[in-house]
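Undergrad: So here's protein32.csv (CSV, C-alpha atoms).
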chain,number,residue,atom,x,y,z
A,1,MET,CA,58.6,-21.5,-61.2
A,2,ILE,CA,61.1,-24.1,-60.0
A,3,ASN,CA,64.4,-24.0,-62.0
A,4,GLN,CA,65.1,-27.6,-63.0
A,5,SER,CA,68.3,-26.7,-65.0
A,6,PHE,CA,71.4,-28.7,-64.5
A,7,ASP,CA,73.8,-25.7,-64.6
A,8,PHE,CA,76.6,-24.3,-62.5
A,9,LYS,CA,74.4,-21.9,-60.4
A,10,GLN,CA,71.9,-24.7,-59.5
A,11,PHE,CA,74.8,-27.1,-58.6
A,12,ARG,CA,76.4,-24.4,-56.4
A,13,ASN,CA,73.1,-24.0,-54.5
A,14,LEU,CA,73.2,-27.6,-53.6
A,15,GLN,CA,76.8,-27.5,-52.2
A,16,ARG,CA,77.2,-28.4,-48.6
A,17,ARG,CA,79.6,-27.4,-45.8
A,18,GLY,CA,81.3,-30.8,-45.7
A,19,ASP,CA,81.8,-31.2,-49.5
A,20,ILE,CA,85.6,-30.5,-49.2
A,21,PHE,CA,85.8,-33.6,-47.0
A,22,LEU,CA,83.2,-35.8,-48.7
A,23,LEU,CA,84.6,-35.0,-52.2
A,24,LYS,CA,88.2,-34.8,-51.1
A,25,CYS,CA,88.5,-31.6,-53.1
A,26,ASP,CA,89.1,-28.0,-52.2
A,27,SER,CA,86.5,-25.2,-53.1
A,28,ASP,CA,88.3,-24.1,-56.3
A,29,ASN,CA,88.5,-27.6,-57.7
A,30,ILE,CA,84.8,-28.2,-56.9
A,31,LYS,CA,84.0,-25.0,-58.9
A,32,ARG,CA,86.1,-26.2,-61.8
A,33,LYS,CA,84.4,-29.6,-61.8
A,34,LEU,CA,80.9,-28.1,-61.7
A,35,THR,CA,81.8,-25.8,-64.6
A,36,GLU,CA,83.0,-28.8,-66.6
A,37,LEU,CA,79.8,-30.7,-65.7
A,38,GLU,CA,77.6,-27.8,-66.9
A,39,ILE,CA,79.3,-27.7,-70.2
A,40,LEU,CA,79.1,-31.5,-70.6
A,41,LEU,CA,75.4,-31.6,-69.9
A,42,GLN,CA,74.6,-28.6,-72.1
A,43,ASN,CA,76.3,-30.2,-75.1
A,44,ASN,CA,74.3,-33.5,-74.8
A,45,VAL,CA,72.8,-34.8,-71.7
A,46,ASP,CA,72.1,-38.2,-73.5
A,47,ASN,CA,75.8,-38.9,-73.6
A,48,TYR,CA,76.3,-38.8,-69.8
A,49,GLU,CA,76.8,-42.1,-68.1
A,50,PHE,CA,76.9,-42.7,-64.3
A,51,SER,CA,79.9,-44.7,-62.9
A,52,SER,CA,79.2,-48.1,-61.5
A,53,PHE,CA,77.7,-48.1,-58.0
A,54,LYS,CA,79.4,-49.9,-55.2
A,55,THR,CA,77.4,-52.1,-52.9
A,56,ILE,CA,77.8,-53.1,-49.2
A,57,LYS,CA,75.7,-55.2,-46.9
A,58,LYS,CA,74.3,-53.9,-43.7
A,59,ASN,CA,71.9,-55.8,-41.4
A,60,GLY,CA,71.2,-58.1,-44.3
A,61,LYS,CA,70.3,-55.3,-46.7
A,62,VAL,CA,72.2,-54.2,-49.8
A,63,ILE,CA,73.3,-50.6,-49.7
A,64,TYR,CA,74.2,-48.7,-52.9
A,65,LEU,CA,76.9,-46.1,-52.9
A,66,LEU,CA,78.7,-43.9,-55.4
A,67,ASP,CA,82.2,-45.0,-56.1
A,68,LYS,CA,84.5,-42.3,-54.5
A,69,CYS,CA,87.4,-43.7,-56.6
A,70,SER,CA,85.7,-42.9,-59.8
A,71,ASN,CA,86.8,-39.9,-61.9
A,72,ASN,CA,83.2,-38.9,-62.2
A,73,PHE,CA,82.3,-39.1,-58.5
A,74,ILE,CA,81.8,-35.3,-58.1
A,75,TRP,CA,79.7,-35.2,-61.2
A,76,ASP,CA,77.6,-38.2,-60.2
A,77,GLU,CA,77.1,-36.8,-56.7
A,78,PHE,CA,75.8,-33.4,-57.9
A,79,ILE,CA,73.6,-34.8,-60.6
A,80,LEU,CA,71.9,-37.1,-58.0
A,81,ARG,CA,71.4,-34.1,-55.7
A,82,LYS,CA,69.8,-32.1,-58.5
A,83,ILE,CA,67.5,-34.9,-59.6
A,84,ASN,CA,66.4,-35.4,-56.0
A,85,HIS,CA,65.9,-31.6,-55.5
A,86,ASN,CA,63.8,-31.3,-58.7
A,87,ILE,CA,61.5,-34.2,-57.8
A,88,LYS,CA,61.1,-33.1,-54.1
A,89,ARG,CA,60.2,-29.5,-55.1
A,90,ILE,CA,57.9,-30.4,-58.0
A,91,TYR,CA,55.9,-33.0,-56.1
A,92,LYS,CA,56.2,-31.3,-52.7
A,93,VAL,CA,57.7,-34.5,-51.2
A,94,LYS,CA,58.7,-34.2,-47.6
A,95,GLN,CA,59.7,-36.9,-45.2
A,96,ALA,CA,57.9,-36.9,-41.8
A,97,ASP,CA,59.8,-35.3,-38.9
A,98,ARG,CA,60.5,-37.8,-36.2
A,99,ASN,CA,60.4,-35.3,-33.3
A,100,THR,CA,57.1,-33.9,-34.4
A,101,ILE,CA,55.6,-37.4,-34.5
A,102,VAL,CA,56.9,-38.3,-31.1
A,103,ASN,CA,55.5,-35.2,-29.5
A,104,GLN,CA,52.1,-35.7,-31.2
A,105,ILE,CA,51.9,-39.3,-29.9
A,106,PHE,CA,52.8,-38.2,-26.4
A,107,ASN,CA,50.0,-35.7,-26.4
A,108,ILE,CA,47.5,-38.2,-27.6
A,109,LEU,CA,48.5,-40.8,-25.0
A,110,LYS,CA,47.9,-38.3,-22.2
A,111,GLU,CA,44.2,-38.3,-23.0
A,112,ASN,CA,41.6,-40.8,-21.7
A,113,PRO,CA,42.0,-44.2,-23.6
A,114,ASN,CA,39.0,-44.9,-25.8
A,115,TYR,CA,40.7,-45.9,-29.1
A,116,TYR,CA,42.8,-48.5,-30.8
A,117,ILE,CA,46.5,-48.3,-31.6
A,118,TYR,CA,48.0,-50.0,-34.6
A,119,ARG,CA,51.8,-50.3,-34.8
A,120,LEU,CA,52.8,-51.6,-38.3
A,121,ASP,CA,56.0,-52.2,-40.3
A,122,ILE,CA,56.3,-52.7,-44.0
A,123,SER,CA,58.4,-55.7,-45.1
A,124,SER,CA,61.5,-55.0,-47.3
A,125,PHE,CA,60.3,-51.5,-47.9
A,126,TYR,CA,62.7,-50.3,-50.6
A,127,GLU,CA,63.4,-53.7,-52.2
A,128,SER,CA,59.7,-54.6,-52.6
A,129,MET,CA,58.7,-51.4,-54.4
A,130,ASP,CA,57.7,-51.6,-58.0
A,131,ARG,CA,60.4,-49.3,-59.5
A,132,SER,CA,58.7,-49.2,-63.0
A,133,ARG,CA,55.5,-47.9,-61.5
A,134,ILE,CA,57.0,-44.8,-59.9
A,135,LEU,CA,59.4,-44.3,-62.8
A,136,ASN,CA,56.6,-44.4,-65.4
A,137,LYS,CA,54.7,-41.9,-63.3
A,138,ILE,CA,57.6,-39.4,-63.5
A,139,LEU,CA,58.4,-40.1,-67.2
A,140,ALA,CA,54.7,-39.5,-68.1
A,141,SER,CA,54.7,-36.2,-66.2
A,142,SER,CA,54.6,-32.9,-68.1
A,143,ILE,CA,56.0,-30.9,-65.2
A,144,ILE,CA,59.3,-32.8,-64.8
A,145,SER,CA,62.0,-31.6,-67.1
A,146,VAL,CA,63.3,-33.8,-69.9
A,147,GLU,CA,66.9,-33.6,-68.5
A,148,THR,CA,65.7,-34.9,-65.1
A,149,LYS,CA,63.8,-37.8,-66.7
A,150,ILE,CA,66.8,-38.8,-68.9
A,151,LEU,CA,69.3,-38.7,-66.0
A,152,LEU,CA,66.9,-40.5,-63.6
A,153,GLN,CA,66.6,-43.3,-66.2
A,154,LYS,CA,70.4,-43.5,-66.5
A,155,VAL,CA,70.7,-44.0,-62.7
A,156,PHE,CA,68.5,-47.0,-62.8
A,157,ASN,CA,70.2,-48.4,-66.0
A,158,GLN,CA,73.3,-48.8,-63.8
A,159,ILE,CA,71.3,-50.7,-61.1
A,160,LYS,CA,69.8,-53.9,-62.5
A,161,GLU,CA,70.3,-56.2,-59.5
A,162,THR,CA,67.0,-55.2,-57.9
A,163,SER,CA,63.6,-54.3,-59.3
A,164,GLY,CA,63.0,-52.1,-56.2
A,165,LEU,CA,64.5,-48.8,-55.1
A,166,PRO,CA,68.2,-48.9,-54.2
A,167,ARG,CA,68.9,-48.3,-50.5
A,168,GLY,CA,71.5,-45.6,-49.8
A,169,LEU,CA,70.8,-43.2,-52.6
A,170,ASN,CA,69.1,-39.9,-51.8
A,171,ILE,CA,66.6,-40.2,-54.7
A,172,SER,CA,65.3,-43.5,-53.2
A,173,ALA,CA,63.9,-41.9,-50.1
A,174,THR,CA,62.2,-39.2,-52.2
A,175,LEU,CA,60.7,-41.7,-54.7
A,176,ALA,CA,59.5,-43.9,-51.8
A,177,GLU,CA,57.6,-41.0,-50.3
A,178,LEU,CA,56.0,-40.3,-53.6
A,179,TYR,CA,55.2,-44.0,-54.1
A,180,MET,CA,53.4,-44.1,-50.7
A,181,LYS,CA,51.3,-40.9,-51.1
A,182,ASP,CA,48.1,-42.8,-52.2
A,183,PHE,CA,48.3,-45.2,-49.4
A,184,ASP,CA,48.9,-42.4,-46.8
A,185,ARG,CA,45.8,-40.6,-48.1
A,186,ASP,CA,43.6,-43.7,-48.0
A,187,ILE,CA,44.5,-44.4,-44.4
A,188,ILE,CA,44.1,-40.8,-43.3
A,189,THR,CA,40.6,-40.7,-44.8
A,190,THR,CA,39.5,-44.0,-43.3
A,191,ASP,CA,36.5,-43.8,-41.1
A,192,GLY,CA,37.5,-43.7,-37.4
A,193,VAL,CA,41.2,-42.8,-38.0
A,194,PHE,CA,42.1,-39.6,-36.1
A,195,TYR,CA,45.9,-39.8,-36.2
A,196,TYR,CA,48.2,-41.5,-38.7
A,197,ALA,CA,52.0,-41.2,-39.1
A,198,ARG,CA,54.6,-43.0,-41.2
A,199,PHE,CA,58.3,-42.6,-40.8
A,200,VAL,CA,59.8,-44.4,-43.8
A,201,ASP,CA,58.4,-48.0,-43.3
A,202,ASP,CA,57.3,-47.6,-39.6
A,203,ILE,CA,53.5,-46.8,-39.3
A,204,ILE,CA,51.3,-45.9,-36.4
A,205,ILE,CA,47.5,-45.4,-36.5
A,206,PHE,CA,45.1,-44.2,-33.8
A,207,SER,CA,41.4,-45.0,-34.5
A,208,ILE,CA,38.2,-44.7,-32.5
A,209,ARG,CA,36.9,-47.9,-34.2
A,210,GLU,CA,38.5,-51.2,-34.8
A,211,LEU,CA,40.2,-51.8,-38.1
A,212,SER,CA,41.0,-55.3,-39.2
A,213,PHE,CA,44.6,-56.2,-40.1
A,214,ASP,CA,43.3,-57.7,-43.3
A,215,PHE,CA,41.6,-54.4,-44.2
A,216,LEU,CA,44.9,-52.5,-43.7
A,217,ASN,CA,46.9,-55.0,-45.6
A,218,LYS,CA,44.4,-54.9,-48.5
A,219,ILE,CA,44.8,-51.1,-48.9
A,220,LEU,CA,48.6,-51.5,-48.7
A,221,LYS,CA,48.6,-54.2,-51.4
A,222,GLU,CA,46.2,-52.4,-53.7
A,223,ARG,CA,48.1,-49.1,-53.6
A,224,THR,CA,51.7,-50.2,-53.4
A,225,LEU,CA,51.9,-54.0,-53.9
A,226,LEU,CA,53.8,-54.1,-50.5
A,227,LYS,CA,52.9,-56.1,-47.4
A,228,PHE,CA,53.2,-55.7,-43.7
A,229,ASN,CA,55.6,-57.6,-41.5
A,230,ASN,CA,53.3,-59.7,-39.4
A,231,LYS,CA,56.0,-60.3,-36.7
A,232,LYS,CA,56.3,-56.6,-36.0
A,233,THR,CA,52.6,-55.8,-36.1
A,234,LYS,CA,51.0,-54.8,-32.8
A,235,ILE,CA,47.4,-53.9,-32.1
A,236,ILE,CA,46.4,-52.4,-28.8
A,237,LYS,CA,42.9,-51.7,-27.5
A,238,ARG,CA,43.3,-49.0,-24.9
A,239,ASP,CA,41.8,-50.1,-21.6
A,240,ALA,CA,41.7,-47.9,-18.5
A,241,ASN,CA,42.1,-50.9,-16.2
A,242,LYS,CA,45.4,-52.2,-17.6
A,243,GLN,CA,48.8,-51.0,-18.5
A,244,ASP,CA,49.7,-50.7,-22.1
A,245,SER,CA,53.1,-50.5,-23.8
A,246,PHE,CA,54.5,-50.3,-27.3
A,247,GLU,CA,57.6,-49.1,-29.1
A,248,TYR,CA,57.8,-46.6,-32.0
A,249,LEU,CA,60.7,-44.7,-33.5
A,250,GLY,CA,63.2,-45.7,-30.8
A,251,TYR,CA,60.9,-44.9,-27.8
A,252,GLN,CA,59.0,-47.2,-25.5
A,253,TYR,CA,55.7,-45.8,-24.4
A,254,VAL,CA,54.2,-47.2,-21.1
A,255,THR,CA,50.8,-45.9,-20.0
A,256,ASN,CA,49.5,-46.1,-16.4
A,257,HIS,CA,46.0,-44.8,-16.5
A,258,GLY,CA,44.9,-42.2,-14.0
A,259,SER,CA,41.6,-42.0,-12.1
A,260,THR,CA,38.3,-41.8,-13.8
A,261,LYS,CA,37.9,-38.2,-12.5
A,262,SER,CA,41.1,-36.9,-14.0
A,263,LYS,CA,40.5,-38.6,-17.3
A,264,LYS,CA,44.3,-38.4,-17.9
A,265,SER,CA,46.9,-41.1,-18.3
A,266,ASN,CA,50.4,-41.0,-16.7
A,267,ILE,CA,52.9,-41.7,-19.5
A,268,ALA,CA,56.3,-43.2,-18.9
A,269,ILE,CA,58.6,-42.7,-22.0
A,270,ASN,CA,61.8,-44.7,-22.1
A,271,ILE,CA,64.3,-45.6,-24.7
A,272,ALA,CA,63.3,-48.8,-26.5
A,273,PRO,CA,65.2,-51.8,-25.1
A,274,LYS,CA,66.6,-52.6,-28.5
A,275,LYS,CA,68.2,-49.1,-28.7
A,276,ILE,CA,69.5,-49.5,-25.1
A,277,ASN,CA,71.4,-52.6,-26.2
A,278,LYS,CA,72.8,-50.8,-29.2
A,279,ILE,CA,74.2,-48.1,-26.9
A,280,LYS,CA,75.7,-50.7,-24.6
A,281,THR,CA,77.4,-52.3,-27.6
A,282,LYS,CA,78.9,-49.0,-28.7
A,283,ILE,CA,80.2,-48.5,-25.1
A,284,ILE,CA,81.9,-51.9,-25.3
A,285,TYR,CA,83.4,-51.2,-28.8
A,286,SER,CA,84.7,-47.8,-27.6
A,287,LEU,CA,86.5,-49.5,-24.7
A,288,LEU,CA,87.9,-52.3,-26.9
A,289,ASP,CA,89.2,-49.7,-29.3
A,290,TYR,CA,90.9,-47.8,-26.5
A,291,LYS,CA,92.8,-51.0,-25.7
A,292,LYS,CA,94.4,-50.8,-29.1
A,293,ASN,CA,95.0,-47.1,-29.6
A,294,LYS,CA,95.4,-45.8,-26.0
A,295,ASN,CA,93.8,-42.6,-27.1
A,296,PHE,CA,91.9,-41.4,-23.9
A,297,LYS,CA,90.8,-38.1,-25.5
A,298,LEU,CA,89.0,-40.1,-28.3
A,299,LEU,CA,87.4,-42.4,-25.7
A,300,LYS,CA,86.2,-39.5,-23.6
A,301,ASN,CA,84.8,-37.8,-26.8
A,302,ARG,CA,82.9,-41.0,-27.7
A,303,PHE,CA,81.3,-41.1,-24.2
A,304,LEU,CA,80.4,-37.4,-24.6
A,305,PHE,CA,78.9,-38.1,-28.0
A,306,LEU,CA,76.8,-41.0,-26.6
A,307,THR,CA,75.5,-39.1,-23.6
A,308,CYS,CA,75.4,-35.3,-24.1
A,309,THR,CA,74.4,-32.7,-26.7
A,310,TYR,CA,77.5,-32.8,-28.9
A,311,PRO,CA,78.2,-30.6,-31.9
A,312,ILE,CA,78.7,-32.4,-35.2
A,313,LYS,CA,80.2,-30.9,-38.3
A,314,THR,CA,77.8,-32.7,-40.6
A,315,LEU,CA,78.6,-33.4,-44.2
A,316,HIS,CA,75.0,-32.7,-45.2
A,317,GLN,CA,74.7,-29.0,-44.1
A,318,ARG,CA,74.6,-26.4,-46.8
A,319,ILE,CA,77.5,-23.9,-46.9
A,320,SER,CA,76.7,-20.8,-44.8
A,321,GLN,CA,78.1,-18.9,-41.8
A,322,TYR,CA,78.2,-20.9,-38.6
A,323,LYS,CA,76.1,-18.3,-36.8
A,324,ASN,CA,73.4,-18.8,-39.3
A,325,SER,CA,73.3,-22.6,-39.7
A,326,GLY,CA,75.0,-23.9,-36.5
A,327,TYR,CA,75.9,-27.5,-36.1
A,328,LEU,CA,73.7,-30.6,-35.8
A,329,GLN,CA,73.7,-32.1,-32.4
A,330,GLY,CA,74.5,-35.7,-31.4
A,331,GLY,CA,73.8,-37.5,-28.1
A,332,LEU,CA,70.7,-38.7,-26.3
A,333,PHE,CA,69.4,-35.2,-25.6
A,334,TYR,CA,69.0,-34.5,-29.3
A,335,ASN,CA,67.7,-38.0,-30.2
A,336,TYR,CA,65.5,-38.6,-27.2
A,337,HIS,CA,64.2,-35.2,-26.0
A,338,ILE,CA,60.9,-36.2,-24.3
A,339,LEU,CA,62.1,-39.0,-22.0
A,340,SER,CA,60.4,-39.2,-18.6
A,341,ASP,CA,62.1,-37.3,-15.8
A,342,ASP,CA,62.6,-40.4,-13.7
A,343,ASN,CA,63.9,-42.5,-16.6
A,344,HIS,CA,65.0,-46.0,-15.8
A,345,SER,CA,66.6,-46.6,-19.2
A,346,LEU,CA,69.1,-43.8,-18.6
A,347,LYS,CA,69.8,-45.0,-15.1
A,348,GLU,CA,70.3,-48.5,-16.5
A,349,LEU,CA,73.0,-47.2,-18.9
A,350,ASP,CA,74.8,-45.3,-16.0
A,351,LYS,CA,74.8,-48.5,-13.9
A,352,PHE,CA,76.1,-50.4,-16.9
A,353,VAL,CA,79.0,-48.0,-17.4
A,354,CYS,CA,80.0,-48.1,-13.7
A,355,ASN,CA,79.8,-51.9,-13.6
A,356,ILE,CA,82.0,-52.3,-16.7
A,357,LEU,CA,84.5,-49.6,-15.5
A,358,PHE,CA,85.0,-50.8,-12.0
A,359,SER,CA,84.6,-54.6,-12.2
A,360,ASN,CA,87.4,-57.0,-13.2
A,361,ASN,CA,87.0,-57.4,-17.0
A,362,ILE,CA,88.9,-57.2,-20.2
A,363,TYR,CA,87.2,-54.0,-21.4
A,364,SER,CA,88.5,-51.5,-18.9
A,365,GLN,CA,91.6,-53.2,-17.5
A,366,THR,CA,94.0,-50.9,-19.5
A,367,LEU,CA,92.4,-47.7,-18.0
A,368,LYS,CA,93.9,-46.1,-14.9
A,369,LEU,CA,91.7,-45.5,-11.9
A,370,SER,CA,91.8,-41.7,-12.5
A,371,GLN,CA,90.7,-42.2,-16.1
A,372,LYS,CA,87.9,-44.5,-15.0
A,373,LYS,CA,86.7,-41.8,-12.6
A,374,ARG,CA,86.7,-39.2,-15.3
A,375,ILE,CA,84.6,-41.5,-17.6
A,376,SER,CA,82.2,-42.4,-14.8
A,377,GLU,CA,81.5,-38.6,-14.3
A,378,ILE,CA,79.9,-38.5,-17.8
A,379,PHE,CA,76.3,-39.4,-17.0
A,380,PHE,CA,73.5,-40.4,-19.3
A,381,TYR,CA,70.8,-39.5,-16.8
A,382,TYR,CA,72.1,-36.0,-15.8
A,383,CYS,CA,73.0,-35.1,-19.3
A,384,ILE,CA,69.3,-35.4,-20.3
Represent the structure of the file as structure tokens.
TA:
Amino acid sequence: MINQSFDFKQFRNLQRRGDIFLLKCDSDNIKRKLTELEILLQNNVDNYEFSSFKTIKKNGKVIYLLDKCSNNFIWDEFILRKINHNIKRIYKVKQADRNTIVNQIFNILKENPNYYIYRLDISSFYESMDRSRILNKILASSIISVETKILLQKVFNQIKETSGLPRGLNISATLAELYMKDFDRDIITTDGVFYYARFVDDIIIFSIRELSFDFLNKILKERTLLKFNNKKTKIIKRDANKQDSFEYLGYQYVTNHGSTKSKKSNIAINIAPKKINKIKTKIIYSLLDYKKNKNFKLLKNRFLFLTCTYPIKTLHQRISQYKNSGYLQGGLFYNYHILSDDNHSLKELDKFVCNILFSNNIYSQTLKLSQKKRISEIFFYYCI
């Protein structure tokens, strides 16, 4: 039986390695705050009120954040974690694993092409969801605790600017997965579909028979009231006589089909051009920042972070011994682990770095020649 209690022990189980940094509070003070929270909720959970949420805009989307300046920030953070934990465990909600999806697609593409590929994207994923629909489902459930229901309602009472799910909060990702379950099931069981994956709002379908876009859009609308982004929709009919390419989850897949005898396809997997441009932008910003602070160690670490497997002390790891949990890894090796051996996207990045370091421009003019050489020895291609 899953313990849905909002008590000290349950809160401590949700504590993470980086909480002393995120919460700006040492371990003893966190324990004290969690003890106070347990007492407060035990007396009357109805009296608890969340602090106002802060909002920021990123890529045109509104992101909701807890206010770190609020006196109740630690309480709000742990209550949100526990609400999210309860819903995930009760409904067995789990977000798809990006690396698993990428490996599965790679293996499918190696086989002889006799199918259709549908690359789809849902418009305004979180903002367009009917919050009342998913909230009513949880409130009507007999397996969700009363405390979880009350506190979940209180979260949304503070967010009235949107009728959808608020981006940025952990519960939104979980509720979105729960919201999409019926649609996922309908597509998986559609006649002809032999592979389906969804990573948040990005969808890919492999089918041995043609599926009309109107048919897919109809299922999405009936199950979720959402709609696909027509501009990002791509439908490919695999043809052994032509080259195919599409992008998904940051990768660009290019298929050059083999002979009829081999019945195999040669797959070239690159970093998607859009992601390449983002990396180039980060390189430029790193060099511009160096012009201001003259911190070469920081500049070198930034290049290492972009290129190599680099340990990160993440704020989202649970508290445990280093030897047991380890660190998350940054860099291209971690994010793009199945790139082709002769990868032109990585070579393009190496060429870009050399050009920007050793040509006459404003970005690298403050670096000494010896420093430029040290940076140029940090390769994208050879790190992978």
Undergrad: Given the choices A:Phe106, A:Phe352, A:Tyr126, A:Tyr248, which gets closest to A:Leu169 if the distance is worked out from all atoms listed in the file?
TA: A:Tyr126
Undergrad: Tell me which protein, DNA and RNA residues are within 10 Å of A:Leu349, counting all atoms listed in the file, leaving out same-chain ones fewer than 2 positions away, and put them as a compact mmCIF listing (two decimals) with C-alpha atoms, in the frame of the given file.
TA:
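Saved to selection_29.txt:
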# COMPACT_ATOMS: atom_id res chain seq x y z
CA ILE A 276 69.50 -49.50 -25.10
CA ASN A 277 71.40 -52.60 -26.20
CA ILE A 279 74.20 -48.10 -26.90
CA LYS A 280 75.70 -50.70 -24.60
CA ILE A 283 80.20 -48.50 -25.10
CA THR A 307 75.50 -39.10 -23.60
CA HIS A 344 65.00 -46.00 -15.80
CA SER A 345 66.60 -46.60 -19.20
CA LEU A 346 69.10 -43.80 -18.60
CA LYS A 347 69.80 -45.00 -15.10
CA LYS A 351 74.80 -48.50 -13.90
CA PHE A 352 76.10 -50.40 -16.90
CA VAL A 353 79.00 -48.00 -17.40
CA CYS A 354 80.00 -48.10 -13.70
CA ASN A 355 79.80 -51.90 -13.60
CA PHE A 379 76.30 -39.40 -17.00
CA PHE A 380 73.50 -40.40 -19.30
CA TYR A 381 70.80 -39.50 -16.80
Undergrad: So what do you get for atom CA of A:Lys292 versus atom CA of A:Asn59, distance-wise?
TA: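 Atom CA of A:Lys292 sits 26.1 Å away from atom CA of A:Asn59.
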Undergrad: Point out the residue among A:Phe296, A:Tyr336, A:Tyr285, A:Phe206 with the least atom-to-atom distance to A:Asn270, counting only C-alpha atoms.
TA: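 Among the listed residues, the smallest separation from A:Asn270 belongs to A:Tyr336.
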Undergrad: Between atom CA of A:Asp239 and atom CA of A:Lys275, measure the distance and give it in Å to one decimal.
TA: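 So the answer is 27.4 Å.
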Undergrad: For atom CA of A:Ile271 and atom CA of A:Lys237, quote the distance in Å rounded to one decimal.
TA: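 One can read the atom CA of A:Ile271 to atom CA of A:Lys237 distance as 22.4 Å.
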